[in-house]
Structures are given as C-alpha cells and as structure tokens.
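Source file work-v3.pdb; content: PDB, C-alpha atoms.
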```
ATOM      1  CA  MET A  16      78.259 123.132  80.434  1.00  0.00           C
ATOM      2  CA  LYS A  17      79.356 126.128  82.447  1.00  0.00           C
ATOM      3  CA  GLY A  18      79.800 129.323  80.499  1.00  0.00           C
ATOM      4  CA  ILE A  19      83.443 129.708  81.436  1.00  0.00           C
ATOM      5  CA  VAL A  20      84.177 126.692  79.228  1.00  0.00           C
ATOM      6  CA  PHE A  21      82.656 128.603  76.294  1.00  0.00           C
ATOM      7  CA  THR A  22      84.116 132.031  77.021  1.00  0.00           C
ATOM      8  CA  GLU A  23      87.613 130.632  77.423  1.00  0.00           C
ATOM      9  CA  PHE A  24      87.248 128.495  74.285  1.00  0.00           C
ATOM     10  CA  MET A  25      86.329 131.571  72.285  1.00  0.00           C
ATOM     11  CA  GLY A  26      89.325 133.287  73.900  1.00  0.00           C
ATOM     12  CA  LEU A  27      91.584 130.475  72.707  1.00  0.00           C
ATOM     13  CA  ILE A  28      90.235 130.733  69.177  1.00  0.00           C
ATOM     14  CA  ASN A  29      90.719 134.505  69.182  1.00  0.00           C
ATOM     15  CA  ASP A  30      94.262 134.213  70.575  1.00  0.00           C
ATOM     16  CA  ARG A  31      95.339 131.461  68.170  1.00  0.00           C
ATOM     17  CA  TYR A  32      93.462 132.335  64.971  1.00  0.00           C
ATOM     18  CA  GLY A  33      92.059 135.854  65.298  1.00  0.00           C
ATOM     19  CA  LEU A  34      88.727 137.580  65.646  1.00  0.00           C
ATOM     20  CA  GLU A  35      87.795 136.875  62.012  1.00  0.00           C
ATOM     21  CA  VAL A  36      87.880 133.130  62.681  1.00  0.00           C
ATOM     22  CA  VAL A  37      85.798 133.581  65.847  1.00  0.00           C
ATOM     23  CA  GLN A  38      83.180 135.418  63.804  1.00  0.00           C
ATOM     24  CA  ARG A  39      83.310 132.826  61.027  1.00  0.00           C
ATOM     25  CA  ILE A  40      82.674 130.024  63.512  1.00  0.00           C
ATOM     26  CA  ILE A  41      79.724 131.874  64.999  1.00  0.00           C
ATOM     27  CA  ASP A  42      78.346 132.599  61.526  1.00  0.00           C
ATOM     28  CA  GLU A  43      78.765 129.026  60.251  1.00  0.00           C
ATOM     29  CA  CYS A  44      77.412 127.199  63.294  1.00  0.00           C
ATOM     30  CA  ASP A  45      73.707 127.092  63.982  1.00  0.00           C
ATOM     31  CA  LEU A  46      73.994 128.276  67.592  1.00  0.00           C
ATOM     32  CA  ASP A  47      70.991 128.743  69.876  1.00  0.00           C
ATOM     33  CA  THR A  48      72.967 131.438  71.709  1.00  0.00           C
ATOM     34  CA  GLU A  49      74.251 133.099  68.525  1.00  0.00           C
ATOM     35  CA  GLY A  50      77.694 132.879  70.129  1.00  0.00           C
ATOM     36  CA  ALA A  51      76.890 135.083  73.130  1.00  0.00           C
ATOM     37  CA  TYR A  52      78.194 133.510  76.355  1.00  0.00           C
ATOM     38  CA  THR A  53      78.795 134.620  79.916  1.00  0.00           C
ATOM     39  CA  ALA A  54      81.216 132.869  82.240  1.00  0.00           C
ATOM     40  CA  VAL A  55      78.490 132.189  84.821  1.00  0.00           C
ATOM     41  CA  GLY A  56      75.860 130.976  82.339  1.00  0.00           C
ATOM     42  CA  THR A  57      75.032 127.372  81.513  1.00  0.00           C
ATOM     43  CA  TYR A  58      74.882 126.166  77.919  1.00  0.00           C
ATOM     44  CA  SER A  59      74.338 122.949  75.996  1.00  0.00           C
ATOM     45  CA  HIS A  60      77.389 120.761  75.565  1.00  0.00           C
ATOM     46  CA  LYS A  61      76.100 120.129  72.030  1.00  0.00           C
ATOM     47  CA  GLU A  62      76.773 123.776  71.237  1.00  0.00           C
ATOM     48  CA  PHE A  63      80.343 123.431  72.515  1.00  0.00           C
ATOM     49  CA  PHE A  64      80.876 120.461  70.211  1.00  0.00           C
ATOM     50  CA  LYS A  65      79.545 122.472  67.246  1.00  0.00           C
ATOM     51  CA  LEU A  66      82.179 125.125  67.966  1.00  0.00           C
ATOM     52  CA  LEU A  67      84.883 122.513  68.500  1.00  0.00           C
ATOM     53  CA  ASN A  68      84.120 120.650  65.283  1.00  0.00           C
ATOM     54  CA  LYS A  69      83.948 123.885  63.289  1.00  0.00           C
ATOM     55  CA  ILE A  70      87.386 125.137  64.405  1.00  0.00           C
ATOM     56  CA  SER A  71      88.767 121.668  63.692  1.00  0.00           C
ATOM     57  CA  GLU A  72      87.301 121.845  60.183  1.00  0.00           C
ATOM     58  CA  ILE A  73      88.361 125.439  59.457  1.00  0.00           C
ATOM     59  CA  GLU A  74      91.938 125.036  60.673  1.00  0.00           C
ATOM     60  CA  ASP A  75      92.264 121.371  59.581  1.00  0.00           C
ATOM     61  CA  ILE A  76      93.355 120.263  63.039  1.00  0.00           C
ATOM     62  CA  PRO A  77      92.073 117.008  64.569  1.00  0.00           C
ATOM     63  CA  VAL A  78      89.446 117.538  67.277  1.00  0.00           C
ATOM     64  CA  ASP A  79      91.608 115.705  69.828  1.00  0.00           C
ATOM     65  CA  GLU A  80      94.477 118.146  69.223  1.00  0.00           C
ATOM     66  CA  VAL A  81      92.163 121.136  69.602  1.00  0.00           C
ATOM     67  CA  LEU A  82      90.856 119.695  72.879  1.00  0.00           C
ATOM     68  CA  GLU A  83      94.360 119.119  74.241  1.00  0.00           C
ATOM     69  CA  ASP A  84      95.435 122.627  73.281  1.00  0.00           C
ATOM     70  CA  TYR A  85      92.302 124.004  74.897  1.00  0.00           C
ATOM     71  CA  GLY A  86      92.843 121.999  78.091  1.00  0.00           C
ATOM     72  CA  GLU A  87      96.347 123.406  78.451  1.00  0.00           C
ATOM     73  CA  TYR A  88      95.035 126.922  77.752  1.00  0.00           C
ATOM     74  CA  PHE A  89      92.129 126.507  80.186  1.00  0.00           C
ATOM     75  CA  PHE A  90      94.405 125.345  83.013  1.00  0.00           C
ATOM     76  CA  LYS A  91      96.017 128.793  83.059  1.00  0.00           C
ATOM     77  CA  THR A  92      92.592 130.311  83.736  1.00  0.00           C
ATOM     78  CA  LEU A  93      91.856 127.802  86.490  1.00  0.00           C
ATOM     79  CA  SER A  94      95.213 128.287  88.211  1.00  0.00           C
ATOM     80  CA  THR A  95      94.791 132.065  88.139  1.00  0.00           C
ATOM     81  CA  SER A  96      91.144 132.086  89.207  1.00  0.00           C
ATOM     82  CA  TYR A  97      91.449 129.378  91.879  1.00  0.00           C
ATOM     83  CA  PRO A  98      94.979 129.581  93.324  1.00  0.00           C
ATOM     84  CA  HIS A  99      93.873 127.886  96.563  1.00  0.00           C
ATOM     85  CA  PHE A 100      93.498 124.623  94.594  1.00  0.00           C
ATOM     86  CA  MET A 101      97.155 124.857  93.544  1.00  0.00           C
ATOM     87  CA  ASP A 102      98.554 124.522  97.062  1.00  0.00           C
ATOM     88  CA  LYS A 103      99.928 121.014  96.473  1.00  0.00           C
ATOM     89  CA  GLU A 104     103.537 119.856  96.705  1.00  0.00           C
ATOM     90  CA  ASP A 105     103.749 118.547  93.160  1.00  0.00           C
ATOM     91  CA  LEU A 106     101.818 117.515  90.080  1.00  0.00           C
ATOM     92  CA  PHE A 107     100.901 114.033  91.301  1.00  0.00           C
ATOM     93  CA  ASP A 108      99.589 115.365  94.634  1.00  0.00           C
ATOM     94  CA  PHE A 109      97.517 117.864  92.681  1.00  0.00           C
ATOM     95  CA  LEU A 110      96.124 115.243  90.288  1.00  0.00           C
ATOM     96  CA  MET A 111      95.272 112.908  93.163  1.00  0.00           C
ATOM     97  CA  SER A 112      93.274 115.719  94.792  1.00  0.00           C
ATOM     98  CA  ILE A 113      90.919 116.332  91.857  1.00  0.00           C
ATOM     99  CA  ASP A 114      88.055 114.034  92.850  1.00  0.00           C
ATOM    100  CA  ASN A 115      88.357 114.177  96.621  1.00  0.00           C
ATOM    101  CA  TYR A 116      89.100 117.897  97.069  1.00  0.00           C
ATOM    102  CA  ILE A 117      88.823 120.064  93.962  1.00  0.00           C
ATOM    103  CA  HIS A 118      85.639 118.709  92.374  1.00  0.00           C
ATOM    104  CA  PRO A 119      83.634 118.674  95.647  1.00  0.00           C
ATOM    105  CA  ASN A 120      84.546 122.335  96.125  1.00  0.00           C
ATOM    106  CA  VAL A 121      83.625 123.156  92.531  1.00  0.00           C
ATOM    107  CA  LEU A 122      80.229 121.551  93.130  1.00  0.00           C
ATOM    108  CA  LYS A 123      79.699 123.853  96.111  1.00  0.00           C
ATOM    109  CA  LEU A 124      80.086 126.808  93.751  1.00  0.00           C
ATOM    110  CA  TYR A 125      78.222 125.223  90.828  1.00  0.00           C
ATOM    111  CA  PRO A 126      75.861 122.533  92.200  1.00  0.00           C
ATOM    112  CA  LYS A 127      74.568 121.547  88.760  1.00  0.00           C
ATOM    113  CA  ALA A 128      77.980 121.209  87.112  1.00  0.00           C
ATOM    114  CA  GLU A 129      78.574 117.864  85.409  1.00  0.00           C
ATOM    115  CA  LEU A 130      82.197 117.109  86.153  1.00  0.00           C
ATOM    116  CA  PRO A 131      84.256 114.194  84.901  1.00  0.00           C
ATOM    117  CA  LYS A 132      85.660 111.708  87.383  1.00  0.00           C
ATOM    118  CA  PHE A 133      89.392 111.154  87.755  1.00  0.00           C
ATOM    119  CA  ASP A 134      89.988 108.038  89.831  1.00  0.00           C
ATOM    120  CA  VAL A 135      93.512 107.108  90.855  1.00  0.00           C
ATOM    121  CA  GLU A 136      94.106 103.528  89.756  1.00  0.00           C
ATOM    122  CA  GLU A 137      97.754 103.270  90.767  1.00  0.00           C
ATOM    123  CA  SER A 138     100.454 105.602  92.001  1.00  0.00           C
ATOM    124  CA  THR A 139     104.235 105.356  92.335  1.00  0.00           C
ATOM    125  CA  ASP A 140     106.889 108.038  92.627  1.00  0.00           C
ATOM    126  CA  GLU A 141     107.324 108.016  88.840  1.00  0.00           C
ATOM    127  CA  THR A 142     103.936 107.005  87.435  1.00  0.00           C
ATOM    128  CA  LEU A 143     100.299 107.824  88.053  1.00  0.00           C
ATOM    129  CA  MET A 144      97.422 105.901  86.493  1.00  0.00           C
ATOM    130  CA  LEU A 145      94.197 107.934  86.311  1.00  0.00           C
ATOM    131  CA  ARG A 146      90.866 106.670  85.069  1.00  0.00           C
ATOM    132  CA  TYR A 147      88.909 109.413  83.307  1.00  0.00           C
ATOM    133  CA  ASN A 148      85.153 108.872  83.214  1.00  0.00           C
ATOM    134  CA  SER A 149      82.665 111.206  81.503  1.00  0.00           C
ATOM    135  CA  THR A 150      79.729 110.830  79.140  1.00  0.00           C
ATOM    136  CA  ARG A 151      81.042 113.907  77.300  1.00  0.00           C
ATOM    137  CA  LYS A 152      84.053 111.922  76.038  1.00  0.00           C
ATOM    138  CA  MET A 153      86.567 114.753  76.437  1.00  0.00           C
ATOM    139  CA  ALA A 154      89.595 112.832  77.700  1.00  0.00           C
ATOM    140  CA  HIS A 155      91.854 114.882  75.441  1.00  0.00           C
ATOM    141  CA  PHE A 156      90.680 118.033  77.200  1.00  0.00           C
ATOM    142  CA  GLY A 157      91.670 116.333  80.478  1.00  0.00           C
ATOM    143  CA  MET A 158      95.046 115.455  78.989  1.00  0.00           C
ATOM    144  CA  GLY A 159      95.548 119.102  78.071  1.00  0.00           C
ATOM    145  CA  LEU A 160      94.629 120.140  81.612  1.00  0.00           C
ATOM    146  CA  ILE A 161      97.219 117.692  82.927  1.00  0.00           C
ATOM    147  CA  THR A 162      99.823 119.149  80.566  1.00  0.00           C
ATOM    148  CA  GLY A 163      98.939 122.636  81.792  1.00  0.00           C
ATOM    149  CA  ALA A 164      99.271 121.459  85.387  1.00  0.00           C
ATOM    150  CA  SER A 165     102.650 119.896  84.626  1.00  0.00           C
ATOM    151  CA  HIS A 166     103.887 123.278  83.371  1.00  0.00           C
ATOM    152  CA  TYR A 167     102.456 124.999  86.430  1.00  0.00           C
ATOM    153  CA  PHE A 168     104.260 122.617  88.791  1.00  0.00           C
ATOM    154  CA  GLY A 169     107.419 122.609  86.649  1.00  0.00           C
ATOM    155  CA  GLN A 170     107.368 118.845  86.131  1.00  0.00           C
ATOM    156  CA  LYS A 171     107.752 117.266  82.711  1.00  0.00           C
ATOM    157  CA  VAL A 172     105.508 114.299  82.071  1.00  0.00           C
ATOM    158  CA  LYS A 173     104.453 112.001  79.285  1.00  0.00           C
ATOM    159  CA  ILE A 174     100.749 111.166  79.052  1.00  0.00           C
ATOM    160  CA  ASN A 175      99.608 107.975  77.343  1.00  0.00           C
ATOM    161  CA  LYS A 176      96.153 106.580  76.805  1.00  0.00           C
ATOM    162  CA  GLU A 177      96.507 103.017  78.035  1.00  0.00           C
ATOM    163  CA  ALA A 178      92.924 101.852  77.487  1.00  0.00           C
ATOM    164  CA  VAL A 179      89.697 103.268  76.125  1.00  0.00           C
ATOM    165  CA  SER A 180      86.231 101.857  76.729  1.00  0.00           C
ATOM    166  CA  LYS A 181      82.601 102.798  76.239  1.00  0.00           C
ATOM    167  CA  ASN A 182      83.565 104.681  73.066  1.00  0.00           C
ATOM    168  CA  GLY A 183      85.741 107.170  74.966  1.00  0.00           C
ATOM    169  CA  GLU A 184      83.650 107.605  78.113  1.00  0.00           C
ATOM    170  CA  ILE A 185      86.292 105.777  80.154  1.00  0.00           C
ATOM    171  CA  VAL A 186      89.970 106.308  79.421  1.00  0.00           C
ATOM    172  CA  LEU A 187      92.898 105.033  81.445  1.00  0.00           C
ATOM    173  CA  LEU A 188      95.691 107.609  81.411  1.00  0.00           C
ATOM    174  CA  LYS A 189      99.277 106.827  82.341  1.00  0.00           C
ATOM    175  CA  ILE A 190     101.188 109.913  83.471  1.00  0.00           C
ATOM    176  CA  SER A 191     104.934 109.289  83.698  1.00  0.00           C
ATOM    177  CA  LYS A 192     107.595 111.682  84.924  1.00  0.00           C
ATOM    178  CA  VAL A 193     110.359 112.278  82.384  1.00  0.00           C
TER     179      VAL A 193
END
```

With the file now loaded, output its structure as structure tokens.
Amino acid sequence: MKGIVFTEFMGLINDRYGLEVVQRIIDECDLDTEGAYTAVGTYSHKEFFKLLNKISEIEDIPVDEVLEDYGEYFFKTLSTSYPHFMDKEDLFDFLMSIDNYIHPNVLKLYPKAELPKFDVEESTDETLMLRYNSTRKMAHFGMGLITGASHYFGQKVKINKEAVSKNGEIVLLKISKV
C-alpha cells in the first residue's frame, strides 16, 4: 500500500485519540517498519491491518466503523492534494469518474498501486449502484470516501451495502440522494 494511506491513518489516530494512543499502537504491534512511514513509500497491507485491528481493539470500535471514519478523513486529504479530480458537477458525476478518469491518472503517478475497482452498475438521478471490487476487502473505507465526497459536493446521501460476495472482495453499494 502507498505510504500516504499509512501517514494519514496515523494522523487520524493522533487527531481522534492523541499521540499516546499512536505510540501505544506502534509499541503493541509487531511492525516491520517500527511505525515509521513516508507518504511516498510502499508498505505491506498486512501492516496496515495490524494498525487497524489494534486501534479497533484499544478504542473498542468495530473495524468497519474505523475504516469508514478513516475513509471520510482521507477524502479531505485527497480533495486538497488533487483538486483537479474534484472538477465534477456533482457527487454522482465524481463517483462515475473514479475508474475511467481518476484511477488511470493515479496509476500514472504510482504505476504499482493496487487500486480497487468501482464499476457503475446502474445510475438514475436519485440512485447510483457501484460495485466495489478489491482483494483487500476494504469496502467500508470506500464508503467513508463516498461520505467524504458527499460532504465535499454538499449532497446528502445514504449508502447501503446491497450485496456482498467473495467474503467482502465484491460489494454492491447503493448510494441514494436524501
């Protein structure tokens, strides 16, 4: 995984729970990196999941909730760092551009990045069906990103998981305007 995912995750933990909790997580996880990350580095996704599971355990918050919170937090970084990707009319236009515009451009910057796929299954003025597909099984992170994007575009939505297959590798998300 790209280092920015780690550096921003540690930023979230620091912002929400304090530096002492960041240090505790580093101390209690057996990390190859010893908790030292750079935004441009590449690190094992297994190490990210150690950090994720540890904060879930320490704060007694389900992993899925931590991932959603992190996705919303991380979207702020993305929208600030890559404003040219935010030039869409509304949330649905933005979400429909992920796989055919945003991700190809991300791969130009980071050719070895392993990005999830977001395929549009169905779209109306009020509802968007997206199929999330990733071996990392982080659909809740994607849901948090969508929530962050909805705030950015000033559009309230409800996100439901309509179907889950391959033990979370494929998740059908229904995004409805409210």

Care to translate the PyMOL selection byres ((chain A and resi 162-179) around 10) into actual residues of this file, as a PyMOL selection string?
-> chain A and resi 83-91+93-94+101+103-107+109-110+141-147+154-161+180-193

Could you dump the residues just selected with C-alpha atoms as a PDB file, in the coordinates of the input?
```pdb
ATOM      1  CA  GLU A  83      94.360 119.119  74.241  1.00  0.00           C
ATOM      2  CA  ASP A  84      95.435 122.627  73.281  1.00  0.00           C
ATOM      3  CA  TYR A  85      92.302 124.004  74.897  1.00  0.00           C
ATOM      4  CA  GLY A  86      92.843 121.999  78.091  1.00  0.00           C
ATOM      5  CA  GLU A  87      96.347 123.406  78.451  1.00  0.00           C
ATOM      6  CA  TYR A  88      95.035 126.922  77.752  1.00  0.00           C
ATOM      7  CA  PHE A  89      92.129 126.507  80.186  1.00  0.00           C
ATOM      8  CA  PHE A  90      94.405 125.345  83.013  1.00  0.00           C
ATOM      9  CA  LYS A  91      96.017 128.793  83.059  1.00  0.00           C
ATOM     10  CA  LEU A  93      91.856 127.802  86.490  1.00  0.00           C
ATOM     11  CA  SER A  94      95.213 128.287  88.211  1.00  0.00           C
ATOM     12  CA  MET A 101      97.155 124.857  93.544  1.00  0.00           C
ATOM     13  CA  LYS A 103      99.928 121.014  96.473  1.00  0.00           C
ATOM     14  CA  GLU A 104     103.537 119.856  96.705  1.00  0.00           C
ATOM     15  CA  ASP A 105     103.749 118.547  93.160  1.00  0.00           C
ATOM     16  CA  LEU A 106     101.818 117.515  90.080  1.00  0.00           C
ATOM     17  CA  PHE A 107     100.901 114.033  91.301  1.00  0.00           C
ATOM     18  CA  PHE A 109      97.517 117.864  92.681  1.00  0.00           C
ATOM     19  CA  LEU A 110      96.124 115.243  90.288  1.00  0.00           C
ATOM     20  CA  GLU A 141     107.324 108.016  88.840  1.00  0.00           C
ATOM     21  CA  THR A 142     103.936 107.005  87.435  1.00  0.00           C
ATOM     22  CA  LEU A 143     100.299 107.824  88.053  1.00  0.00           C
ATOM     23  CA  MET A 144      97.422 105.901  86.493  1.00  0.00           C
ATOM     24  CA  LEU A 145      94.197 107.934  86.311  1.00  0.00           C
ATOM     25  CA  ARG A 146      90.866 106.670  85.069  1.00  0.00           C
ATOM     26  CA  TYR A 147      88.909 109.413  83.307  1.00  0.00           C
ATOM     27  CA  ALA A 154      89.595 112.832  77.700  1.00  0.00           C
ATOM     28  CA  HIS A 155      91.854 114.882  75.441  1.00  0.00           C
ATOM     29  CA  PHE A 156      90.680 118.033  77.200  1.00  0.00           C
ATOM     30  CA  GLY A 157      91.670 116.333  80.478  1.00  0.00           C
ATOM     31  CA  MET A 158      95.046 115.455  78.989  1.00  0.00           C
ATOM     32  CA  GLY A 159      95.548 119.102  78.071  1.00  0.00           C
ATOM     33  CA  LEU A 160      94.629 120.140  81.612  1.00  0.00           C
ATOM     34  CA  ILE A 161      97.219 117.692  82.927  1.00  0.00           C
ATOM     35  CA  SER A 180      86.231 101.857  76.729  1.00  0.00           C
ATOM     36  CA  LYS A 181      82.601 102.798  76.239  1.00  0.00           C
ATOM     37  CA  ASN A 182      83.565 104.681  73.066  1.00  0.00           C
ATOM     38  CA  GLY A 183      85.741 107.170  74.966  1.00  0.00           C
ATOM     39  CA  GLU A 184      83.650 107.605  78.113  1.00  0.00           C
ATOM     40  CA  ILE A 185      86.292 105.777  80.154  1.00  0.00           C
ATOM     41  CA  VAL A 186      89.970 106.308  79.421  1.00  0.00           C
ATOM     42  CA  LEU A 187      92.898 105.033  81.445  1.00  0.00           C
ATOM     43  CA  LEU A 188      95.691 107.609  81.411  1.00  0.00           C
ATOM     44  CA  LYS A 189      99.277 106.827  82.341  1.00  0.00           C
ATOM     45  CA  ILE A 190     101.188 109.913  83.471  1.00  0.00           C
ATOM     46  CA  SER A 191     104.934 109.289  83.698  1.00  0.00           C
ATOM     47  CA  LYS A 192     107.595 111.682  84.924  1.00  0.00           C
ATOM     48  CA  VAL A 193     110.359 112.278  82.384  1.00  0.00           C
TER      49      VAL A 193
END
```

Which is closest to A:Met153 among A:Ile40, A:Ile73, A:Leu82, A:Met111, if we use all atoms listed in the file?
-> A:Leu82

Between A:Ala128, A:Ile70, A:Ile76, A:Ile113, which is the closest to A:Ile28 once you count all atoms listed in the file?
->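 Closest to A:Ile28 of all the choices is A:Ile70.
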
Would you kindly return, as JSON, numbers by chain, each protein, DNA or RNA residue with an atom no farther than 12 Å from any atom of A:Leu46, considering only C-alpha atoms and excluding same-chain residues fewer than 2 positions away?
-> {"A": [40, 41, 42, 43, 44, 48, 49, 50, 51, 52, 58, 59, 60, 61, 62, 63, 64, 65, 66, 69]}

Atomic distance atom CA of A:Lys17 - atom CA of A:Glu136, expressed in Å with one decimal |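 Computed distance, atom CA of A:Lys17 to atom CA of A:Glu136, equals 28.0 Å.
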
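The closest residue to A:Ala54, picked from A:Glu23, A:Glu129, A:Asp140, A:Asp79 and counting only C-alpha atoms, is A:Glu23.
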
Six-sided padding of 6 Å per side, axis-aligned box over stretch 164-180 of chain A, centre and edges in Å, one decimal, as AutoDock Vina command-line options:
```
--center_x 97.0 --center_y 113.4 --center_z 82.5 --size_x 33.5 --size_y 35.1 --size_z 24.7
```

Determine the nearest neighbour of A:Thr22 from the options A:Asn148, A:Gly56, A:Asn68, A:Ile117, counting all atoms listed in the file.
->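 Checking each of A:Asn148, A:Gly56, A:Asn68, A:Ile117 against A:Thr22, counting all atoms listed in the file, the winner is A:Gly56.
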
Interatomic distance between atom CA of A:Glu80 and atom CA of A:Gly18?
-> 21.6 Å

As a check of understanding: the span from atom CA of A:Phe24 to atom CA of A:Asn115 is 26.6 Å

Nearby residues (all atoms listed in the file) at most 12 Å from A:Asn120, same-chain spacing under 6 positions excluded, as a ChimeraX atom specification = /A:97,99-100,112-114,126,128,130
